[in-house]
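**Q** Sharing a structure, written as structure tokens. Questions coming.
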Amino acid sequence: TLQIVATVTGHTLLTNTATASSTTYDPDTTNNTESATVNAPDADVAITKTVDNPGANVGENVTFTVTVTNNGPDTAQGVSVTDSLPSGLTFVSANPAAAYVAATGVWTVGDLNTAQSAVLEIVATVAAPGSQVNTATASAATYDPVSGNNTANAAVNAPPADLSISKSVSTAAPALGSNVTFTLTVTNNGSQDATGVRVSDLLPTGLTFVSSSLPAAYNQATGEWTIGNLANGATAT
């Protein structure tokens, strides 16, 4: 008996043939050859990804849908997907929740039969303006002959706010001891609402605070005027 150990490096049907011969005459040569085949399984795991609102504003939630499919021809074993949210997106929830770990971004799918799919939904809050690209990559323990469809992206492009400020004074050359009035106007020229808007305007030495038109919003000690939210196209004075 002879045993030969070999490492499988090919992913097609492999046939290993052995043929026996002798210097002594063999009257029956029909049983002198025997073959054994090895067929390593292949599974083309493909992934797609979409987002329900690619133009969401900062502070709004979006839902990413990740679909992983086994295109065969064999069962894909140990399928997993890595989907880590970028810094401009804050994790809210996932479905199925037990299979996705937000800290690592790993979704454990398990085995997928041929033509079988699994779906993951991730809800995230848009935390920053600009383009936030979310990438998902699928892998499996079974050899994948097509690696070009293992990664998919979906992006959220939150429009920015554009704040501008103007300032005027009632009298540019006042008499010493007289009062002057400074008028500040903040405008949101952006395409989305601005949140947490504040203005810093601390009077310099030589000007003594008397009053403000918004005593609840302006802190004379720090010079901070708290506006809060400012809708796109809106102004505050």
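Here's how to read the names in the structure tokens: chain A, B, ... by the order shown, residue numbers from 1 in each chain, ligand numbers from 1 in the order shown.
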Just want the 10 Å neighbourhood of A:Tyr100, counted on only C-alpha atoms, with same-chain residues fewer than 6 positions away dropped. Output as a list in words.
**A** Ser80, Val81, Thr82, Asp83, Ser93, Ala94, Val106, Trp107, Thr108, Val109, Leu120, Glu121 and Ile122 of chain A
**Q** With N, CA, C and O atoms retained, export the selected residues as a JSON list (two decimals), in the first residue's frame.
**A**
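File written: result-v8.json
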```json
[["chain", "number", "residue", "atom", "x", "y", "z"],
["A", 80, "SER", "N", -19.07, 35.79, 5.84],
["A", 80, "SER", "CA", -19.15, 36.95, 6.73],
["A", 80, "SER", "C", -18.97, 38.21, 5.91],
["A", 80, "SER", "O", -18.41, 38.19, 4.81],
["A", 81, "VAL", "N", -19.46, 39.33, 6.45],
["A", 81, "VAL", "CA", -19.37, 40.62, 5.78],
["A", 81, "VAL", "C", -18.80, 41.63, 6.77],
["A", 81, "VAL", "O", -19.24, 41.69, 7.92],
["A", 82, "THR", "N", -17.83, 42.41, 6.31],
["A", 82, "THR", "CA", -17.29, 43.50, 7.12],
["A", 82, "THR", "C", -17.87, 44.81, 6.62],
["A", 82, "THR", "O", -17.71, 45.16, 5.44],
["A", 83, "ASP", "N", -18.55, 45.52, 7.52],
["A", 83, "ASP", "CA", -19.21, 46.79, 7.17],
["A", 83, "ASP", "C", -19.06, 47.74, 8.35],
["A", 83, "ASP", "O", -19.93, 47.82, 9.21],
["A", 93, "SER", "N", -28.93, 51.12, 14.83],
["A", 93, "SER", "CA", -29.44, 49.76, 15.02],
["A", 93, "SER", "C", -29.11, 48.93, 13.78],
["A", 93, "SER", "O", -28.72, 49.46, 12.73],
["A", 94, "ALA", "N", -29.30, 47.60, 13.94],
["A", 94, "ALA", "CA", -29.11, 46.67, 12.82],
["A", 94, "ALA", "C", -30.16, 45.59, 12.89],
["A", 94, "ALA", "O", -30.66, 45.25, 13.96],
["A", 106, "VAL", "N", -18.54, 43.55, 11.84],
["A", 106, "VAL", "CA", -18.62, 42.21, 11.24],
["A", 106, "VAL", "C", -20.05, 41.67, 11.34],
["A", 106, "VAL", "O", -20.63, 41.64, 12.43],
["A", 107, "TRP", "N", -20.57, 41.26, 10.20],
["A", 107, "TRP", "CA", -21.87, 40.58, 10.12],
["A", 107, "TRP", "C", -21.59, 39.11, 9.82],
["A", 107, "TRP", "O", -21.05, 38.76, 8.79],
["A", 108, "THR", "N", -21.95, 38.24, 10.77],
["A", 108, "THR", "CA", -21.74, 36.81, 10.62],
["A", 108, "THR", "C", -22.95, 36.20, 9.92],
["A", 108, "THR", "O", -24.03, 36.12, 10.50],
["A", 109, "VAL", "N", -22.76, 35.76, 8.69],
["A", 109, "VAL", "CA", -23.86, 35.23, 7.88],
["A", 109, "VAL", "C", -23.98, 33.73, 8.06],
["A", 109, "VAL", "O", -25.08, 33.19, 8.19],
["A", 120, "LEU", "N", -28.92, 42.36, 5.41],
["A", 120, "LEU", "CA", -28.66, 43.11, 6.63],
["A", 120, "LEU", "C", -29.08, 44.56, 6.42],
["A", 120, "LEU", "O", -28.76, 45.16, 5.39],
["A", 121, "GLU", "N", -29.79, 45.12, 7.40],
["A", 121, "GLU", "CA", -30.15, 46.54, 7.37],
["A", 121, "GLU", "C", -29.45, 47.25, 8.54],
["A", 121, "GLU", "O", -29.54, 46.80, 9.68],
["A", 122, "ILE", "N", -28.76, 48.34, 8.22],
["A", 122, "ILE", "CA", -28.07, 49.14, 9.24],
["A", 122, "ILE", "C", -28.67, 50.54, 9.21],
["A", 122, "ILE", "O", -28.69, 51.20, 8.17]]
```
**Q** Run DSSP on the backbone and grab whatever in stretch 92-123 of chain A lands in strand (DSSP E or B); send it over as a ChimeraX atom specification.
**A** /A:92-95,100-101,106-112,117-123
**Q** Within 9 Å of A:Pro145, counting only C-alpha atoms, which residues qualify if same-chain residues fewer than 3 places away don't, as a count of residues only?
**A** 5
**Q** With only C-alpha atoms counted and 6 Å as the cut-off, give the residues of stretch 136-228 of chain A in contact with stretch 47-71 of chain A, each with its shortest interatomic distance in Å and the pair that gives it, as CSV.
**A**
```
residue,atom,partner,partner_atom,distance
A:Asn150,CA,A:Ile47,CA,5.6
A:Ala152,CA,A:Thr48,CA,5.4
A:Ala154,CA,A:Thr50,CA,5.5
A:Val156,CA,A:Pro54,CA,4.3
A:Asn157,CA,A:Gly55,CA,5.3
A:Ala158,CA,A:Asn57,CA,5.0
```
**Q** Hey, what's within 7 Å of A:Arg198 if we count only C-alpha atoms and toss same-chain stuff fewer than 4 positions away? As JSON, numbers by chain, please?
**A** {"A": [224, 225, 226, 227, 228]}
**Q** What does the file look like for those residues with C-alpha atoms, as a compact mmCIF listing (two decimals), in the first residue's frame?
**A**
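So the final result, stored in result.txt, reads:
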```txt
# COMPACT_ATOMS: atom_id res chain seq x y z
CA GLU A 224 -21.89 84.53 23.42
CA TRP A 225 -25.18 84.83 21.54
CA THR A 226 -26.96 81.45 21.39
CA ILE A 227 -29.12 81.18 18.27
CA GLY A 228 -29.76 77.44 18.14
```
**Q** State, in Å with one decimal place, the distance from atom CA of A:Ala155 to atom CA of A:Pro86.
**A**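 Interatomic distance, atom CA of A:Ala155 to atom CA of A:Pro86: 10.3 Å.
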**Q** Distance table requested - stretch 112-196 of chain A against stretch 201-207 of chain A, cut-off 10 Å, only C-alpha atoms: one row per qualifying residue with the closest atom pair and its distance in Å to one decimal, ordered by chain and rising residue number, as CSV.
**A**
```
residue,atom,partner,partner_atom,distance
A:Gly177,CA,A:Leu207,CA,9.7
A:Asn179,CA,A:Leu207,CA,9.2
A:Val180,CA,A:Leu207,CA,9.3
A:Leu184,CA,A:Asp201,CA,9.3
```
**Q** Please provide as a PyMOL selection string all residues within 8 Å of A:Ser170, with the sequence filter that same-chain residues fewer than 3 positions apart are discarded (counting only C-alpha atoms).
**A** chain A and resi 180-183
**Q** Which residues are near A:Ser35? Cut-off 8 Å, only C-alpha atoms, ignore same chain within fewer than 3 positions. Put them as a VMD selection string.
**A** chain A and resid 15 to 18
**Q** Could the residues in this selection be written to a file with N, CA and C atoms, as a short mmCIF file (atom, residue, chain, number, x, y, z; two decimals), in the first residue's frame?
**A**
```
data_model
loop_
_atom_site.label_atom_id
_atom_site.label_comp_id
_atom_site.auth_asym_id
_atom_site.auth_seq_id
_atom_site.Cartn_x
_atom_site.Cartn_y
_atom_site.Cartn_z
N THR A 15 -8.14 14.83 -11.71
CA THR A 15 -8.11 13.37 -11.78
C THR A 15 -6.67 12.89 -11.63
N ASN A 16 -6.46 12.02 -10.66
CA ASN A 16 -5.14 11.43 -10.43
C ASN A 16 -5.20 9.96 -10.84
N THR A 17 -4.37 9.58 -11.80
CA THR A 17 -4.42 8.24 -12.37
C THR A 17 -3.13 7.46 -12.05
N ALA A 18 -3.31 6.22 -11.63
CA ALA A 18 -2.17 5.34 -11.36
C ALA A 18 -2.24 4.13 -12.29
#
```
**Q** Would you pick out the contacts of A:Thr75 at 6 Å or less, using only C-alpha atoms, so that residues sharing its chain but fewer than 4 positions from it are not included, and give the list as a VMD selection string?
**A** chain A and resid 112 to 114
**Q** Keeping only N, CA and C atoms, write the selected residues to a file as a CSV table (one decimal), in the first residue's frame.
**A**
```
chain,number,residue,atom,x,y,z
A,112,LEU,N,-24.2,29.7,3.1
A,112,LEU,CA,-25.3,30.0,2.1
A,112,LEU,C,-25.3,29.0,1.0
A,113,ASN,N,-26.5,28.4,0.8
A,113,ASN,CA,-26.6,27.4,-0.3
A,113,ASN,C,-26.6,28.2,-1.7
A,114,THR,N,-26.4,27.5,-2.8
A,114,THR,CA,-26.4,28.1,-4.1
A,114,THR,C,-27.7,28.8,-4.3
```
**Q** Using atom CA of A:Thr12 and atom CA of A:Gly110 as the two end points, give the distance in Å to one decimal.
**A**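 Here the two named atoms are 24.1 Å from each other.
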**Q** Quote the spacing between atom CA of A:Asp162 and atom CA of A:Thr235 in Å to one decimal place.
**A** 11.8 Å
**Q** Using only C-alpha atoms, can you tell me which of A:Asn229, A:Thr1, A:Ser166, A:Gln132 comes closest to A:Gly196?
**A**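 Nearest candidate to A:Gly196 out of A:Asn229, A:Thr1, A:Ser166, A:Gln132: A:Asn229.
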**Q** Taking only C-alpha atoms into account, which of A:Leu163, A:Ser200, A:Leu230, A:Ala98 comes nearest A:Tyr218?
**A**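 So, comparing all the options, the nearest one is A:Ser200.
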